[in-house]
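**Student:** I am sharing work.cif, which consists of mmCIF, C-alpha atoms and all ligand atoms:
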data_protein
loop_
_atom_site.group_PDB
_atom_site.id
_atom_site.type_symbol
_atom_site.label_atom_id
_atom_site.label_comp_id
_atom_site.auth_asym_id
_atom_site.auth_seq_id
_atom_site.Cartn_x
_atom_site.Cartn_y
_atom_site.Cartn_z
ATOM 1 C CA PRO A 1 5.282 -19.674 3.401
ATOM 2 C CA SER A 2 5.982 -16.696 5.635
ATOM 3 C CA PRO A 3 2.939 -15.050 7.265
ATOM 4 C CA ILE A 4 4.429 -11.720 6.184
ATOM 5 C CA LYS A 5 3.025 -10.522 2.876
ATOM 6 C CA ILE A 6 5.142 -8.634 0.354
ATOM 7 C CA ALA A 7 3.311 -6.061 -1.751
ATOM 8 C CA PRO A 8 5.601 -4.600 -4.436
ATOM 9 C CA SER A 9 4.687 -1.052 -5.430
ATOM 10 C CA ILE A 10 4.509 -0.700 -9.203
ATOM 11 C CA LEU A 11 5.519 2.942 -8.758
ATOM 12 C CA SER A 12 9.049 1.572 -9.227
ATOM 13 C CA ALA A 13 8.141 -0.523 -12.314
ATOM 14 C CA ASP A 14 8.691 0.332 -15.986
ATOM 15 C CA PHE A 15 5.747 2.653 -16.730
ATOM 16 C CA ALA A 16 5.730 1.573 -20.389
ATOM 17 C CA ASP A 17 5.347 -2.122 -19.516
ATOM 18 C CA PHE A 18 3.014 -2.540 -16.551
ATOM 19 C CA GLY A 19 1.366 -5.741 -17.759
ATOM 20 C CA ARG A 20 4.624 -7.654 -17.973
ATOM 21 C CA GLU A 21 5.970 -6.043 -14.800
ATOM 22 C CA ILE A 22 2.917 -7.242 -12.838
ATOM 23 C CA GLN A 23 3.246 -10.728 -14.311
ATOM 24 C CA ALA A 24 6.947 -10.735 -13.422
ATOM 25 C CA ILE A 25 6.550 -9.728 -9.771
ATOM 26 C CA GLU A 26 3.738 -12.264 -9.268
ATOM 27 C CA ALA A 27 5.797 -15.023 -10.903
ATOM 28 C CA GLN A 28 8.644 -14.064 -8.576
ATOM 29 C CA GLY A 29 6.481 -14.458 -5.473
ATOM 30 C CA ALA A 30 4.645 -11.202 -4.760
ATOM 31 C CA ASP A 31 1.686 -11.730 -2.419
ATOM 32 C CA TRP A 32 -0.140 -8.545 -3.396
ATOM 33 C CA VAL A 33 0.343 -5.789 -5.999
ATOM 34 C CA HIS A 34 0.401 -2.260 -4.514
ATOM 35 C CA VAL A 35 -0.878 0.566 -6.731
ATOM 36 C CA ASP A 36 -0.056 4.151 -5.678
ATOM 37 C CA VAL A 37 -2.664 6.655 -6.852
ATOM 38 C CA MET A 38 -1.483 10.283 -6.565
ATOM 39 C CA ASP A 39 -3.350 13.436 -7.486
ATOM 40 C CA GLY A 40 -0.793 16.282 -7.487
ATOM 41 C CA HIS A 41 -2.819 17.904 -4.684
ATOM 42 C CA PHE A 42 -2.828 15.669 -1.601
ATOM 43 C CA VAL A 43 0.717 14.669 -2.578
ATOM 44 C CA PRO A 44 3.134 16.477 -4.901
ATOM 45 C CA ASN A 45 3.129 13.860 -7.674
ATOM 46 C CA LEU A 46 0.743 12.424 -10.294
ATOM 47 C CA THR A 47 0.269 8.778 -11.203
ATOM 48 C CA PHE A 48 -2.787 6.709 -12.177
ATOM 49 C CA GLY A 49 -6.541 7.135 -12.491
ATOM 50 C CA PRO A 50 -9.275 4.497 -12.629
ATOM 51 C CA PRO A 51 -8.757 3.537 -16.317
ATOM 52 C CA ALA A 52 -5.105 2.691 -15.637
ATOM 53 C CA VAL A 53 -6.074 0.689 -12.555
ATOM 54 C CA ALA A 54 -8.664 -1.212 -14.638
ATOM 55 C CA ALA A 55 -5.922 -2.059 -17.132
ATOM 56 C CA PHE A 56 -3.662 -3.347 -14.325
ATOM 57 C CA ARG A 57 -6.524 -5.521 -13.079
ATOM 58 C CA LYS A 58 -6.319 -7.691 -16.201
ATOM 59 C CA HIS A 59 -2.829 -8.778 -15.149
ATOM 60 C CA VAL A 60 -3.146 -9.021 -11.357
ATOM 61 C CA LYS A 61 -3.917 -12.578 -10.248
ATOM 62 C CA THR A 62 -3.198 -12.012 -6.544
ATOM 63 C CA VAL A 63 -4.627 -9.034 -4.652
ATOM 64 C CA MET A 64 -4.740 -5.503 -6.034
ATOM 65 C CA ASP A 65 -4.031 -3.129 -3.146
ATOM 66 C CA VAL A 66 -4.935 0.414 -4.194
ATOM 67 C CA HIS A 67 -3.453 3.220 -2.072
ATOM 68 C CA LEU A 68 -5.316 6.461 -2.730
ATOM 69 C CA MET A 69 -3.230 9.565 -2.040
ATOM 70 C CA ILE A 70 -5.964 11.888 -3.254
ATOM 71 C CA ALA A 71 -8.223 14.545 -1.777
ATOM 72 C CA PRO A 72 -11.139 14.531 -1.891
ATOM 73 C CA VAL A 73 -11.424 10.759 -2.001
ATOM 74 C CA ASP A 74 -15.143 10.027 -1.665
ATOM 75 C CA PRO A 75 -16.109 11.041 -5.253
ATOM 76 C CA TYR A 76 -13.697 8.426 -6.658
ATOM 77 C CA ILE A 77 -14.360 5.385 -4.480
ATOM 78 C CA ASP A 78 -16.910 3.788 -6.797
ATOM 79 C CA ALA A 79 -14.648 4.304 -9.816
ATOM 80 C CA PHE A 80 -11.699 2.553 -8.155
ATOM 81 C CA ALA A 81 -13.980 -0.240 -6.958
ATOM 82 C CA GLU A 82 -15.285 -0.710 -10.498
ATOM 83 C CA ALA A 83 -11.703 -0.640 -11.781
ATOM 84 C CA GLY A 84 -11.146 -3.835 -9.804
ATOM 85 C CA ALA A 85 -9.362 -2.879 -6.601
ATOM 86 C CA ASP A 86 -9.546 -5.580 -3.920
ATOM 87 C CA ILE A 87 -8.433 -3.244 -1.139
ATOM 88 C CA ILE A 88 -9.025 0.525 -1.245
ATOM 89 C CA THR A 89 -7.006 2.594 1.221
ATOM 90 C CA ALA A 90 -7.740 6.237 1.973
ATOM 91 C CA HIS A 91 -5.716 8.671 4.090
ATOM 92 C CA VAL A 92 -7.130 9.927 7.355
ATOM 93 C CA GLU A 93 -5.588 13.333 6.498
ATOM 94 C CA ALA A 94 -7.401 13.585 3.150
ATOM 95 C CA GLY A 95 -10.611 14.933 4.579
ATOM 96 C CA PRO A 96 -12.743 15.444 7.685
ATOM 97 C CA HIS A 97 -14.842 12.293 7.261
ATOM 98 C CA ILE A 98 -12.710 9.156 7.377
ATOM 99 C CA HIS A 99 -15.594 7.280 9.028
ATOM 100 C CA ARG A 100 -17.890 8.090 6.111
ATOM 101 C CA THR A 101 -15.142 7.228 3.622
ATOM 102 C CA LEU A 102 -14.558 3.784 5.157
ATOM 103 C CA GLN A 103 -18.309 3.137 5.195
ATOM 104 C CA ALA A 104 -18.416 4.052 1.501
ATOM 105 C CA ILE A 105 -15.520 1.710 0.678
ATOM 106 C CA ARG A 106 -17.152 -1.156 2.588
ATOM 107 C CA ALA A 107 -20.426 -0.434 0.760
ATOM 108 C CA THR A 108 -18.715 -1.278 -2.544
ATOM 109 C CA GLY A 109 -17.921 -4.753 -1.191
ATOM 110 C CA LYS A 110 -14.169 -4.059 -1.184
ATOM 111 C CA LYS A 111 -11.798 -4.263 1.780
ATOM 112 C CA ALA A 112 -11.276 -0.879 3.455
ATOM 113 C CA GLY A 113 -7.859 0.492 4.399
ATOM 114 C CA VAL A 114 -6.891 3.627 6.266
ATOM 115 C CA ALA A 115 -3.459 5.229 5.899
ATOM 116 C CA LEU A 116 -1.581 7.385 8.401
ATOM 117 C CA ASN A 117 1.097 9.885 7.410
ATOM 118 C CA PRO A 118 4.207 9.938 9.606
ATOM 119 C CA GLY A 119 2.960 12.967 11.537
ATOM 120 C CA THR A 120 -0.436 11.457 12.334
ATOM 121 C CA PRO A 121 -0.871 9.580 15.631
ATOM 122 C CA ALA A 122 -2.201 6.032 15.992
ATOM 123 C CA GLU A 123 -5.197 7.416 17.885
ATOM 124 C CA ALA A 124 -6.557 8.892 14.637
ATOM 125 C CA VAL A 125 -7.991 5.448 13.791
ATOM 126 C CA ALA A 126 -9.151 4.442 17.281
ATOM 127 C CA HIS A 127 -12.828 4.967 16.478
ATOM 128 C CA VAL A 128 -12.939 3.426 13.003
ATOM 129 C CA LEU A 129 -11.383 0.024 13.709
ATOM 130 C CA ASP A 130 -14.659 -1.814 13.134
ATOM 131 C CA LEU A 131 -14.808 -0.326 9.608
ATOM 132 C CA THR A 132 -11.184 -1.169 8.812
ATOM 133 C CA ASP A 133 -9.499 -4.197 7.237
ATOM 134 C CA LEU A 134 -6.021 -2.677 6.932
ATOM 135 C CA ILE A 135 -4.056 0.160 8.519
ATOM 136 C CA CYS A 136 -1.268 1.525 6.327
ATOM 137 C CA VAL A 137 1.501 3.117 8.383
ATOM 138 C CA MET A 138 3.492 5.463 6.167
ATOM 139 C CA THR A 139 7.211 5.335 6.897
ATOM 140 C CA VAL A 140 7.934 8.128 4.404
ATOM 141 C CA ASN A 141 6.007 11.284 3.594
ATOM 142 C CA PRO A 142 3.945 10.046 0.640
ATOM 143 C CA GLY A 143 4.553 11.127 -2.929
ATOM 144 C CA PHE A 144 7.649 9.364 -4.194
ATOM 145 C CA GLY A 145 9.407 6.033 -4.202
ATOM 146 C CA GLY A 146 12.970 5.624 -3.032
ATOM 147 C CA GLN A 147 12.825 7.845 0.067
ATOM 148 C CA LYS A 148 14.544 7.234 3.375
ATOM 149 C CA PHE A 149 12.687 5.176 6.000
ATOM 150 C CA ILE A 150 11.215 7.105 8.945
ATOM 151 C CA ASP A 151 11.046 4.999 12.114
ATOM 152 C CA MET A 152 7.414 4.512 13.171
ATOM 153 C CA THR A 153 8.036 1.539 15.475
ATOM 154 C CA ALA A 154 6.243 3.093 18.442
ATOM 155 C CA LYS A 155 3.161 3.803 16.297
ATOM 156 C CA ILE A 156 3.111 0.255 14.937
ATOM 157 C CA ARG A 157 3.257 -1.168 18.466
ATOM 158 C CA ALA A 158 0.463 1.145 19.610
ATOM 159 C CA LEU A 159 -1.718 0.083 16.681
ATOM 160 C CA ARG A 160 -1.070 -3.619 17.285
ATOM 161 C CA ALA A 161 -2.183 -3.181 20.903
ATOM 162 C CA MET A 162 -5.220 -1.127 19.851
ATOM 163 C CA ILE A 163 -6.300 -3.699 17.254
ATOM 164 C CA GLY A 164 -6.371 -6.553 19.770
ATOM 165 C CA ASP A 165 -7.854 -9.650 18.153
ATOM 166 C CA ARG A 166 -9.580 -7.836 15.285
ATOM 167 C CA PRO A 167 -8.599 -9.200 11.830
ATOM 168 C CA ILE A 168 -6.834 -6.018 10.681
ATOM 169 C CA HIS A 169 -3.608 -5.984 8.679
ATOM 170 C CA ILE A 170 -0.847 -3.525 9.549
ATOM 171 C CA GLU A 171 0.854 -2.538 6.320
ATOM 172 C CA ILE A 172 4.105 -0.561 6.189
ATOM 173 C CA ASP A 173 4.724 1.705 3.205
ATOM 174 C CA GLY A 174 7.923 3.573 2.422
ATOM 175 C CA GLY A 175 11.616 2.836 2.688
ATOM 176 C CA VAL A 176 11.133 -0.889 3.361
ATOM 177 C CA THR A 177 14.425 -2.724 2.743
ATOM 178 C CA PRO A 178 16.117 -5.856 4.115
ATOM 179 C CA GLU A 179 17.565 -3.558 6.789
ATOM 180 C CA THR A 180 14.334 -1.875 7.913
ATOM 181 C CA ALA A 181 11.851 -4.745 7.462
ATOM 182 C CA PRO A 182 12.800 -6.819 10.540
ATOM 183 C CA LYS A 183 12.172 -3.853 12.808
ATOM 184 C CA VAL A 184 8.631 -3.210 11.552
ATOM 185 C CA VAL A 185 7.768 -6.913 11.583
ATOM 186 C CA ALA A 186 8.983 -7.194 15.190
ATOM 187 C CA ALA A 187 6.711 -4.257 16.060
ATOM 188 C CA GLY A 188 3.663 -6.007 14.599
ATOM 189 C CA ALA A 189 3.460 -5.317 10.855
ATOM 190 C CA ASP A 190 2.287 -8.137 8.583
ATOM 191 C CA VAL A 191 2.203 -6.538 5.103
ATOM 192 C CA LEU A 192 5.302 -4.862 3.652
ATOM 193 C CA VAL A 193 5.033 -2.558 0.652
ATOM 194 C CA ALA A 194 8.305 -2.120 -1.192
ATOM 195 C CA GLY A 195 9.031 -0.345 -4.445
ATOM 196 C CA SER A 196 12.648 0.489 -5.075
ATOM 197 C CA ALA A 197 13.912 -2.404 -2.923
ATOM 198 C CA VAL A 198 11.995 -4.959 -5.053
ATOM 199 C CA PHE A 199 12.599 -3.576 -8.551
ATOM 200 C CA LYS A 200 16.270 -2.622 -8.195
ATOM 201 C CA GLY A 201 18.664 -4.623 -10.317
ATOM 202 C CA GLY A 202 15.962 -6.367 -12.364
ATOM 203 C CA SER A 203 13.725 -5.819 -15.383
ATOM 204 C CA VAL A 204 10.900 -7.591 -17.207
ATOM 205 C CA ASP A 205 13.544 -9.374 -19.274
ATOM 206 C CA ASN A 206 15.607 -10.231 -16.191
ATOM 207 C CA PRO A 207 13.060 -10.674 -13.382
ATOM 208 C CA ALA A 208 15.036 -13.031 -11.116
ATOM 209 C CA PRO A 209 16.406 -10.086 -9.047
ATOM 210 C CA TYR A 210 12.806 -9.163 -8.176
ATOM 211 C CA GLY A 211 12.383 -12.553 -6.508
ATOM 212 C CA ALA A 212 15.749 -12.391 -4.768
ATOM 213 C CA ASN A 213 14.967 -8.871 -3.523
ATOM 214 C CA MET A 214 11.583 -9.993 -2.149
ATOM 215 C CA ARG A 215 13.092 -12.976 -0.381
ATOM 216 C CA ALA A 216 15.783 -10.716 1.134
ATOM 217 C CA ILE A 217 13.042 -8.554 2.674
HETATM 218 C C1 LIG B 1 4.989 6.508 -1.405
HETATM 219 C C2 LIG B 1 4.208 5.315 -1.880
HETATM 220 C C3 LIG B 1 4.940 4.041 -1.706
HETATM 221 C C4 LIG B 1 6.220 3.971 -2.503
HETATM 222 C C5 LIG B 1 7.182 3.080 -1.786
HETATM 223 O O1 LIG B 1 4.220 7.640 -1.493
HETATM 224 O O2 LIG B 1 2.976 5.206 -1.187
HETATM 225 O O3 LIG B 1 4.109 2.916 -1.946
HETATM 226 O O4 LIG B 1 6.031 3.483 -3.805
HETATM 227 O O5 LIG B 1 8.407 3.131 -2.455
HETATM 228 P P1 LIG B 1 9.756 2.711 -1.746
HETATM 229 O O6 LIG B 1 9.591 1.278 -1.303
HETATM 230 O O7 LIG B 1 10.770 2.873 -2.815
HETATM 231 O O8 LIG B 1 9.933 3.622 -0.574
HETATM 232 ZN ZN ZN B 2 1.767 3.250 -1.294
#
Using structure tokens, write down the structure from this file.
**Tutor:**
Amino acid sequence: PSPIKIAPSILSADFADFGREIQAIEAQGADWVHVDVMDGHFVPNLTFGPPAVAAFRKHVKTVMDVHLMIAPVDPYIDAFAEAGADIITAHVEAGPHIHRTLQAIRATGKKAGVALNPGTPAEAVAHVLDLTDLICVMTVNPGFGGQKFIDMTAKIRALRAMIGDRPIHIEIDGGVTPETAPKVVAAGADVLVAGSAVFKGGSVDNPAPYGANMRAI
């Protein structure tokens, strides 16, 4: 198997059928399941709270990767941990205390991720690497699926150099397609989130395109 992990974002799934959608993407080869939590404040869209994430957990057999696009984030960390997240990722832009936030995520026993918007430099995480299991490099401005890829190759390379031999994943989120994926992998990414590029052309009743789309990435 490829060392590159594919994490389909269920933001592009059928919202009335999440259980079967999760089962379908895992059966088709997804490595992780990416869950986009949006609050209508940090980002201009609304999605799921902890009860929905707890319901997804019953279907996820791989790794549930929960991307929190919410501010503030600290009051909700325990709730998302209890909902069954395996990885909890918070944005460095969501508040003044990313160090405290990552400590709080680690304290729940979950893996801690930190996300960077396109306008935020790699250096924003330079002093929290020892509290971090994953760095999520946003290649769109967060809020919606199906947006155009923004090239963050230089940032990915800078992060890979900064990480050195620490066991930290570099995850790319936004606009990942068969065309853009090779570039981010060459720069040092090892986890690829993809929503529209995985779900296009398929459905829970016809899931084979999900697998073909993942293999094409
Ligand atoms: C964007 C989300 C992404 C999104 C990716 O705010 O964080 O995870 O679902 O969707 P695509 O792959 O369609 O850009
Ligand atoms: Zn995401």
**Student:** Please evaluate the PyMOL selection byres (((chain A and resi 137-147) around 8) and not hetatm) against the structure above and give the resulting residues as number ranges by chain.
**Tutor:** A: 11-12, 38, 43-45, 69, 115-118, 135-136, 148-152, 156, 170-175, 195-196
**Student:** Output C-alpha atoms for every residue in the selection just made, as an mmCIF file, in the coordinates of the input.
**Tutor:**
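Below is the file again.cif, written as the result:
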data_model
loop_
_atom_site.group_PDB
_atom_site.id
_atom_site.type_symbol
_atom_site.label_atom_id
_atom_site.label_comp_id
_atom_site.auth_asym_id
_atom_site.auth_seq_id
_atom_site.Cartn_x
_atom_site.Cartn_y
_atom_site.Cartn_z
ATOM 1 C CA LEU A 11 5.519 2.942 -8.758
ATOM 2 C CA SER A 12 9.049 1.572 -9.227
ATOM 3 C CA MET A 38 -1.483 10.283 -6.565
ATOM 4 C CA VAL A 43 0.717 14.669 -2.578
ATOM 5 C CA PRO A 44 3.134 16.477 -4.901
ATOM 6 C CA ASN A 45 3.129 13.860 -7.674
ATOM 7 C CA MET A 69 -3.230 9.565 -2.040
ATOM 8 C CA ALA A 115 -3.459 5.229 5.899
ATOM 9 C CA LEU A 116 -1.581 7.385 8.401
ATOM 10 C CA ASN A 117 1.097 9.885 7.410
ATOM 11 C CA PRO A 118 4.207 9.938 9.606
ATOM 12 C CA ILE A 135 -4.056 0.160 8.519
ATOM 13 C CA CYS A 136 -1.268 1.525 6.327
ATOM 14 C CA LYS A 148 14.544 7.234 3.375
ATOM 15 C CA PHE A 149 12.687 5.176 6.000
ATOM 16 C CA ILE A 150 11.215 7.105 8.945
ATOM 17 C CA ASP A 151 11.046 4.999 12.114
ATOM 18 C CA MET A 152 7.414 4.512 13.171
ATOM 19 C CA ILE A 156 3.111 0.255 14.937
ATOM 20 C CA ILE A 170 -0.847 -3.525 9.549
ATOM 21 C CA GLU A 171 0.854 -2.538 6.320
ATOM 22 C CA ILE A 172 4.105 -0.561 6.189
ATOM 23 C CA ASP A 173 4.724 1.705 3.205
ATOM 24 C CA GLY A 174 7.923 3.573 2.422
ATOM 25 C CA GLY A 175 11.616 2.836 2.688
ATOM 26 C CA GLY A 195 9.031 -0.345 -4.445
ATOM 27 C CA SER A 196 12.648 0.489 -5.075
#
**Student:** Dump the neighbourhood of ligand ZN 2 (chain B) as a PyMOL selection string: all residues within 7 Å, distances computed on only C-alpha atoms and all ligand atoms.
**Tutor:** chain A and resi 9+34-36+67+173+193
**Student:** Could you give me, as a ChimeraX atom specification, the residues within 10 Å of Ser203 (chain A), counting all atoms listed in the file and dropping anything in the same chain fewer than 2 positions from it?
**Tutor:** /A:13-14,20-21,24-25,199-201,205-210
**Student:** Would you write out those residues with C-alpha atoms, as a short mmCIF file (atom, residue, chain, number, x, y, z; two decimals), keeping the file's coordinate frame?
**Tutor:**
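The result, stored in result-v4.cif:
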data_model
loop_
_atom_site.label_atom_id
_atom_site.label_comp_id
_atom_site.auth_asym_id
_atom_site.auth_seq_id
_atom_site.Cartn_x
_atom_site.Cartn_y
_atom_site.Cartn_z
CA ALA A 13 8.14 -0.52 -12.31
CA ASP A 14 8.69 0.33 -15.99
CA ARG A 20 4.62 -7.65 -17.97
CA GLU A 21 5.97 -6.04 -14.80
CA ALA A 24 6.95 -10.74 -13.42
CA ILE A 25 6.55 -9.73 -9.77
CA PHE A 199 12.60 -3.58 -8.55
CA LYS A 200 16.27 -2.62 -8.20
CA GLY A 201 18.66 -4.62 -10.32
CA ASP A 205 13.54 -9.37 -19.27
CA ASN A 206 15.61 -10.23 -16.19
CA PRO A 207 13.06 -10.67 -13.38
CA ALA A 208 15.04 -13.03 -11.12
CA PRO A 209 16.41 -10.09 -9.05
CA TYR A 210 12.81 -9.16 -8.18
#
**Student:** Can you work out which one of A:Ala7, A:Ala83, A:Val184, A:Ile88 has the shortest atom-to-atom distance to ligand LIG 1 (chain B), counting all atoms listed in the file?
**Tutor:**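 Answer, going by the shortest atom-to-atom distance: A:Ala7.
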**Student:** Taking only C-alpha atoms into account, which of A:Ile168, A:Tyr76, A:Ala161, A:Ala154 comes nearest Thr132 (chain A)?
**Tutor:**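 Of A:Ile168, A:Tyr76, A:Ala161, A:Ala154, the one nearest Thr132 (chain A), counting only C-alpha atoms, is A:Ile168.
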**Student:** Do you know which residues the PyMOL selection byres (((chain A and resi 125) around 10) and not hetatm) returns on this file, as a list of chain:residue names?
**Tutor:**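 Applying the PyMOL selection byres (((chain A and resi 125) around 10) and not hetatm) to the structure shown produces A:Val92, A:Ile98, A:His99, A:Val114, A:Ala115, A:Leu116, A:Thr120, A:Pro121, A:Ala122, A:Glu123, A:Ala124, A:Ala126, A:His127, A:Val128, A:Leu129, A:Asp130, A:Leu131, A:Thr132, A:Ile135, A:Leu159, A:Met162, A:Ile163.
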**Student:** Taking (-4.0, -8.5, -4.4) in the coordinates of the supplied file, I want to know which residues reach to within 7 Å of it, counting all atoms listed in the file; could you give the answer as a list in words?
**Tutor:** Asp31, Trp32, Val33, Thr62, Val63, Met64, Asp65 and Asp86 of chain A
**Student:** Kindly provide, as JSON, the centre and edge lengths (Å, one decimal) of an axis-aligned box around all atoms of ligand LIG 1 (chain B) given in the file, with 6 Å on each side.
**Tutor:**
{"center_x": 6.9, "center_y": 4.5, "center_z": -2.2, "size_x": 19.8, "size_y": 18.4, "size_z": 15.2}
**Student:** What is the distance, in Å and to one decimal place, between CA of Thr89 (chain A) and CA of Leu46 (chain A)?
**Tutor:**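 We find that CA of Thr89 (chain A) and CA of Leu46 (chain A) lie 17.0 Å from each other.
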**Student:** Between A:Ala54, A:Asp133, A:Met214, A:Lys61, which is the closest to ligand LIG 1 (chain B) once you count all atoms listed in the file?
**Tutor:**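 The shortest atom-to-atom distance to ligand LIG 1 (chain B) comes from A:Met214.
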**Student:** For the PyMOL selection byres (((chain A and resi 42) around 6) and not hetatm), applied here, can you spell out every residue it catches as a VMD selection string?
**Tutor:** chain A and resid 41 43 70 to 71
**Student:** Record the distance separating atom O5 of ligand LIG 1 (chain B) and CA of Val176 (chain A), expressed in Å with one decimal.
**Tutor:**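 So the answer is 7.6 Å.
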**Student:** Which is closer to ligand LIG 1 (chain B) than all the others in A:Ala194, A:Ala212, A:Ile6, A:Ala85, using only C-alpha atoms and all ligand atoms?
**Tutor:** A:Ala194
**Student:** One decimal, Å: what's the distance from CA of Val37 (chain A) over to CA of Ile77 (chain A), could you say?
**Tutor:**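 Those two atoms sit 12.0 Å apart.
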**Student:** Taking only C-alpha atoms and all ligand atoms into account, which of A:Ile4, A:Ala186, A:Ala216, A:Val66 comes nearest ligand LIG 1 (chain B)?
**Tutor:**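 With only C-alpha atoms and all ligand atoms as the atom set, the closest residue is A:Val66.
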**Student:** Give the answer as one residue: which of A:Gly49, A:Pro167, A:Gly202, A:Pro72 has the shortest atom-to-atom distance to Ala94 (chain A), using all atoms listed in the file?
**Tutor:** A:Pro72
**Student:** Quick one: everything within 8 Å of Val60 (chain A), counting only C-alpha atoms, minus sequence neighbours fewer than 6 positions away in the same chain. Send it as a list in words.
**Tutor:**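 Close residues of Val60 (chain A): Ile22, Gln23, Glu26 and Val33 of chain A.
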**Student:** Reconstruct region 97-110 of chain A at the level of N, CA and C atoms, and format the result as an mmCIF file, in the frame of the given file.
**Tutor:**
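Output file rebuild.cif is given in full below:
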data_model
loop_
_atom_site.group_PDB
_atom_site.id
_atom_site.type_symbol
_atom_site.label_atom_id
_atom_site.label_comp_id
_atom_site.auth_asym_id
_atom_site.auth_seq_id
_atom_site.Cartn_x
_atom_site.Cartn_y
_atom_site.Cartn_z
ATOM 1 N N HIS A 97 -13.834 13.343 7.054
ATOM 2 C CA HIS A 97 -14.842 12.293 7.261
ATOM 3 C C HIS A 97 -14.326 10.903 6.960
ATOM 4 N N ILE A 98 -13.245 10.488 7.645
ATOM 5 C CA ILE A 98 -12.710 9.156 7.377
ATOM 6 C C ILE A 98 -13.732 8.066 7.702
ATOM 7 N N HIS A 99 -14.568 8.287 8.693
ATOM 8 C CA HIS A 99 -15.594 7.280 9.028
ATOM 9 C C HIS A 99 -16.538 7.080 7.845
ATOM 10 N N ARG A 100 -17.000 8.176 7.279
ATOM 11 C CA ARG A 100 -17.890 8.090 6.111
ATOM 12 C C ARG A 100 -17.171 7.430 4.922
ATOM 13 N N THR A 101 -15.916 7.784 4.736
ATOM 14 C CA THR A 101 -15.142 7.228 3.622
ATOM 15 C C THR A 101 -15.013 5.709 3.753
ATOM 16 N N LEU A 102 -14.697 5.234 4.958
ATOM 17 C CA LEU A 102 -14.558 3.784 5.157
ATOM 18 C C LEU A 102 -15.896 3.082 4.984
ATOM 19 N N GLN A 103 -16.973 3.709 5.441
ATOM 20 C CA GLN A 103 -18.309 3.137 5.195
ATOM 21 C C GLN A 103 -18.563 3.015 3.698
ATOM 22 N N ALA A 104 -18.173 4.050 2.949
ATOM 23 C CA ALA A 104 -18.416 4.052 1.501
ATOM 24 C C ALA A 104 -17.576 2.979 0.810
ATOM 25 N N ILE A 105 -16.352 2.773 1.272
ATOM 26 C CA ILE A 105 -15.520 1.710 0.678
ATOM 27 C C ILE A 105 -16.149 0.354 0.974
ATOM 28 N N ARG A 106 -16.514 0.120 2.220
ATOM 29 C CA ARG A 106 -17.152 -1.156 2.588
ATOM 30 C C ARG A 106 -18.432 -1.380 1.771
ATOM 31 N N ALA A 107 -19.161 -0.312 1.500
ATOM 32 C CA ALA A 107 -20.426 -0.434 0.760
ATOM 33 C C ALA A 107 -20.212 -0.926 -0.663
ATOM 34 N N THR A 108 -19.000 -0.757 -1.199
ATOM 35 C CA THR A 108 -18.715 -1.278 -2.544
ATOM 36 C C THR A 108 -18.428 -2.774 -2.515
ATOM 37 N N GLY A 109 -18.263 -3.339 -1.312
ATOM 38 C CA GLY A 109 -17.921 -4.753 -1.191
ATOM 39 C C GLY A 109 -16.424 -4.995 -1.157
ATOM 40 N N LYS A 110 -15.626 -3.939 -1.215
ATOM 41 C CA LYS A 110 -14.169 -4.059 -1.184
ATOM 42 C C LYS A 110 -13.671 -3.966 0.252
#
